[in-house]
>>> print(open('structure.tsv').read())   # TSV, C-alpha atoms
chain	number	residue	atom	x	y	z
A	95	MET	CA	139.28	66.43	94.95
A	96	LEU	CA	135.65	65.95	95.96
A	97	LEU	CA	134.03	69.21	97.13
A	98	PRO	CA	130.81	69.19	99.15
A	99	VAL	CA	127.51	70.10	97.50
A	100	VAL	CA	124.73	71.70	99.54
A	101	THR	CA	121.14	70.74	98.68
A	102	ALA	CA	117.67	72.06	99.54
A	103	SER	CA	117.41	69.23	102.05
A	104	ASP	CA	120.51	70.65	103.79
A	105	LEU	CA	118.91	74.11	103.66
A	106	ARG	CA	115.83	72.72	105.46
A	107	ARG	CA	118.02	71.69	108.40
A	108	LEU	CA	119.22	75.25	109.01
A	109	PRO	CA	117.71	77.18	111.92
A	110	LEU	CA	115.50	79.25	109.60
A	111	SER	CA	112.76	81.12	111.34
A	112	GLY	CA	109.54	81.98	109.63
A	113	GLY	CA	109.32	85.67	108.87
A	114	LEU	CA	107.72	87.53	111.73
A	115	PRO	CA	104.31	88.78	110.63
A	116	ALA	CA	103.62	92.37	111.62
A	117	VAL	CA	100.05	93.65	111.61
A	118	GLN	CA	98.94	97.27	111.85
A	119	PRO	CA	97.18	98.42	113.85
A	120	GLY	CA	99.18	96.45	116.39
A	121	SER	CA	96.48	96.29	119.06
A	122	GLY	CA	95.11	93.01	117.69
A	123	ARG	CA	91.77	94.72	117.06
A	124	VAL	CA	90.82	95.90	113.59
A	125	GLY	CA	87.69	97.33	112.02
A	126	ILE	CA	85.76	95.50	109.36
A	127	ASN	CA	85.79	97.11	105.91
A	128	VAL	CA	89.02	98.94	106.78
A	129	PRO	CA	92.34	97.80	105.20
A	130	VAL	CA	94.71	96.09	107.65
A	131	ASN	CA	98.40	96.56	106.89
A	132	VAL	CA	100.59	93.45	107.06
A	133	TYR	CA	104.31	93.09	106.45
A	134	ALA	CA	106.98	90.48	106.97
A	135	ARG	CA	110.13	90.90	108.99
A	136	ALA	CA	112.56	88.32	107.62
A	137	GLU	CA	116.33	88.63	107.30
A	138	PRO	CA	118.93	86.65	105.38
A	139	LEU	CA	120.81	84.08	107.44
A	140	THR	CA	124.41	82.96	106.94
A	141	VAL	CA	125.74	79.84	108.65
A	142	SER	CA	129.28	78.45	108.65
A	143	ALA	CA	130.10	74.76	108.95
A	144	THR	CA	132.77	72.23	108.10
A	145	VAL	CA	131.73	69.61	105.55
A	146	LEU	CA	134.11	66.82	104.48
A	147	GLY	CA	136.91	68.87	106.03
A	148	PHE	CA	136.10	72.01	103.99
A	149	PRO	CA	134.81	75.29	105.43
A	150	VAL	CA	131.37	75.93	103.96
A	151	ARG	CA	129.21	79.03	104.23
A	152	ILE	CA	125.48	78.77	103.53
A	153	ARG	CA	123.32	81.83	102.94
A	154	ALA	CA	119.51	81.68	103.00
A	155	THR	CA	117.64	84.71	101.66
A	156	PRO	CA	113.88	85.34	101.86
A	157	VAL	CA	112.51	85.53	98.31
A	158	SER	CA	108.73	85.39	98.66
A	159	TYR	CA	105.91	85.63	101.17
A	160	THR	CA	102.45	84.07	101.30
A	161	TRP	CA	99.82	85.35	103.72
A	162	ASP	CA	96.81	83.44	105.04
A	163	PHE	CA	94.35	85.85	106.66
A	164	GLY	CA	92.27	83.21	108.44
A	165	ASP	CA	89.02	84.13	106.69
A	166	GLY	CA	89.58	82.08	103.54
A	167	ALA	CA	91.56	84.85	101.81
A	168	SER	CA	95.27	84.78	101.04
A	169	LEU	CA	97.89	86.95	99.37
A	170	GLY	CA	100.88	85.67	97.46
A	171	PRO	CA	103.26	84.35	96.86
A	172	THR	CA	104.67	87.84	96.46
A	173	ARG	CA	108.24	89.10	96.45
A	174	ASP	CA	107.10	92.19	98.35
A	175	PRO	CA	107.42	91.78	102.14
A	176	GLY	CA	105.21	94.83	102.63
A	177	ALA	CA	106.15	97.81	104.76
A	178	PRO	CA	105.07	99.67	107.90
A	179	TYR	CA	102.44	102.39	107.72
A	180	PRO	CA	102.08	104.64	105.73
A	181	ARG	CA	103.51	102.51	102.89
A	182	MET	CA	100.65	100.01	102.97
A	183	ARG	CA	101.68	97.75	100.07
A	184	THR	CA	100.26	94.49	101.44
A	185	THR	CA	96.82	94.80	103.00
A	186	HIS	CA	93.68	92.82	103.68
A	187	THR	CA	90.15	93.93	104.49
A	188	TYR	CA	87.92	91.81	106.72
A	189	ALA	CA	84.24	91.79	105.75
A	190	ARG	CA	82.81	90.13	108.87
A	191	PRO	CA	83.42	90.48	112.60
A	192	GLY	CA	85.29	87.60	114.18
A	193	THR	CA	88.61	86.33	115.43
A	194	TYR	CA	91.10	85.36	112.76
A	195	ALA	CA	94.57	83.76	112.80
A	196	VAL	CA	96.91	85.52	110.36
A	197	SER	CA	99.87	83.40	109.27
A	198	LEU	CA	102.84	83.92	107.01
A	199	SER	CA	104.89	81.47	104.97
A	200	THR	CA	108.34	82.78	104.05
A	201	THR	CA	110.16	81.09	101.19
A	202	TYR	CA	113.96	81.07	101.27
A	203	ALA	CA	116.43	80.50	98.43
A	204	GLY	CA	119.96	79.43	99.27
A	205	GLU	CA	123.54	79.77	98.13
A	206	TYR	CA	126.73	78.20	99.41
A	207	SER	CA	130.45	78.82	99.19
A	208	VAL	CA	133.14	76.19	99.75
A	209	ALA	CA	136.53	77.30	101.12
A	210	GLY	CA	135.91	80.96	100.25
A	211	GLY	CA	135.05	80.20	96.63
A	212	GLU	CA	132.28	81.72	94.57
A	213	TRP	CA	128.68	81.56	95.77
A	214	LEU	CA	126.75	78.70	94.14
A	215	ASP	CA	122.96	78.42	94.00
A	216	ILE	CA	121.24	75.69	95.97
A	217	GLN	CA	118.63	74.04	93.78
A	218	GLY	CA	115.11	74.44	95.19
A	219	THR	CA	113.64	76.58	97.95
A	220	VAL	CA	112.42	76.08	101.50
A	221	ALA	CA	109.15	77.47	102.93
A	222	VAL	CA	108.97	78.21	106.65
A	223	GLU	CA	105.70	78.90	108.47
A	224	SER	CA	105.38	81.60	111.11
A	225	SER	CA	103.42	81.31	114.29
A	226	PRO	CA	99.97	82.81	113.68
A	227	VAL	CA	98.95	86.24	114.95
A	228	ASP	CA	95.38	86.47	116.26
A	229	LEU	CA	93.24	89.43	115.20
A	230	THR	CA	89.74	90.40	116.20
A	231	ALA	CA	87.77	92.19	113.50
A	232	LEU	CA	85.08	94.44	114.98
A	233	ALA	CA	82.05	96.18	113.55
A	234	ALA	CA	81.70	99.83	114.51
A	235	THR	CA	78.90	102.35	114.36
A	236	ASN	CA	79.38	106.08	113.87
A	237	VAL	CA	77.55	108.21	116.38
A	238	LEU	CA	77.23	111.99	116.27
A	239	VAL	CA	77.78	113.60	119.64
A	240	ALA	CA	76.92	117.19	120.48
A	241	PRO	CA	79.90	119.34	121.64
>>> encode(input="structure.tsv", output="structure tokens")
Amino acid sequence: MLLPVVTASDLRRLPLSGGLPAVQPGSGRVGINVPVNVYARAEPLTVSATVLGFPVRIRATPVSYTWDFGDGASLGPTRDPGAPYPRMRTTHTYARPGTYAVSLSTTYAGEYSVAGGEWLDIQGTVAVESSPVDLTALAATNVLVAP
């Protein structure tokens, strides 16, 4: 009996979405020389299909994240998706004022199961790009004000 095999090319055809990049502060305006918190929101995806007459389940799990901060700096690949404030595990500090496009590439690994059998690894991974998030880095000046 010939059982189906799922490949990385099959994994690429799944409706995988790039992880959603979250940036804090969320206003889209950040200060220069102040760490900006970034984290990825990406969930595993399971899809069911029939292949060669067999029920097949495919599971794609995010395994790494690569950030491009739009100013020539990047972070990753890292297995850490980061976390919301105050657990600032993945940050970036802008040195110059400007508008920057922050993007995230989420890499997925896959597994598949044929007819309820054991989960088998899919050889290779698939990287999915997010839509960029625009940030404006601003310079600020401290001013003392009398009460």
>>> residues_around(input="structure.tsv", residues="Ala189 (chain A)", least_positions_apart="5", cutoff="9 Å", atoms="only C-alpha atoms", output="MDAnalysis selection string")
chainID A and resid 126:128 231
>>> residues_around(input="structure.tsv", residues="Ser121 (chain A)", least_positions_apart="5", cutoff="12 Å", atoms="all atoms listed in the file", output="PyMOL selection string")
chain A and resi 116+130+227-231
>>> closest_residue(input="structure.tsv", among="A:Pro175, A:Pro180, A:Gly113, A:Gly122", to="Ala221 (chain A)", atoms="all atoms listed in the file")
A:Gly113
>>> atom_distance(input="structure.tsv", atom1="CA of His186 (chain A)", atom2="CA of Pro156 (chain A)")
21.6 Å
>>> atom_distance(input="structure.tsv", atom1="CA of Ala209 (chain A)", atom2="CA of Arg107 (chain A)")
20.7 Å
>>> atom_distance(input="structure.tsv", atom1="CA of Gly218 (chain A)", atom2="CA of Gly170 (chain A)")
18.3 Å
>>> closest_residue(input="structure.tsv", among="A:Ala234, A:Met182, A:Val100, A:Val132", to="Leu198 (chain A)", atoms="all atoms listed in the file")
A:Val132
>>> closest_residue(input="structure.tsv", among="A:Leu105, A:Leu146, A:Ala167, A:Val99", to="Thr219 (chain A)", atoms="only C-alpha atoms")
A:Leu105
>>> residues_around(input="structure.tsv", residues="Gly112 (chain A)", least_positions_apart="5", cutoff="8 Å", atoms="all atoms listed in the file", output="list of chain:residue names")
A:Ala136, A:Leu198, A:Ser199, A:Thr200, A:Val222, A:Glu223, A:Ser224, A:Ser225
>>> write_last_selection(input="structure.tsv", atoms="C-alpha atoms", output="compact mmCIF listing (two decimals), in the frame of the given file")
# COMPACT_ATOMS: atom_id res chain seq x y z
CA ALA A 136 112.56 88.32 107.62
CA LEU A 198 102.84 83.92 107.01
CA SER A 199 104.89 81.47 104.97
CA THR A 200 108.34 82.78 104.05
CA VAL A 222 108.97 78.21 106.65
CA GLU A 223 105.70 78.90 108.47
CA SER A 224 105.38 81.60 111.11
CA SER A 225 103.42 81.31 114.29
>>> residues_around(input="structure.tsv", residues="Val220 (chain A)", least_positions_apart="6", cutoff="7 Å", atoms="all atoms listed in the file", output="JSON, numbers by chain")
{"A": [102, 106, 201, 202, 203]}
>>> closest_residue(input="structure.tsv", among="A:Gly210, A:Thr193, A:Ile216, A:Leu238", to="Val124 (chain A)", atoms="all atoms listed in the file")
A:Thr193
>>> residues_near_point(input="structure.tsv", point="(128.2, 77.3, 94.9)", cutoff="6 Å", atoms="all atoms listed in the file", output="CSV table (one decimal) with C-alpha atoms, keeping the file's coordinate frame")
chain,number,residue,atom,x,y,z
A,206,TYR,CA,126.7,78.2,99.4
A,207,SER,CA,130.4,78.8,99.2
A,213,TRP,CA,128.7,81.6,95.8
A,214,LEU,CA,126.8,78.7,94.1
A,215,ASP,CA,123.0,78.4,94.0
>>> residues_near_point(input="structure.tsv", point="(89.5, 81.7, 107.6)", cutoff="10 Å", atoms="all atoms listed in the file", output="ChimeraX atom specification")
/A:162-168,192-196
>>> residues_around(input="structure.tsv", residues="Arg181 (chain A)", least_positions_apart="4", cutoff="10 Å", atoms="all atoms listed in the file", output="PDB file with C-alpha atoms, in the coordinates of the input")
ATOM      1  CA  ASN A 131      98.400  96.560 106.890  1.00  0.00           C
ATOM      2  CA  GLY A 176     105.210  94.830 102.630  1.00  0.00           C
ATOM      3  CA  ALA A 177     106.150  97.810 104.760  1.00  0.00           C
TER       4      ALA A 177
END
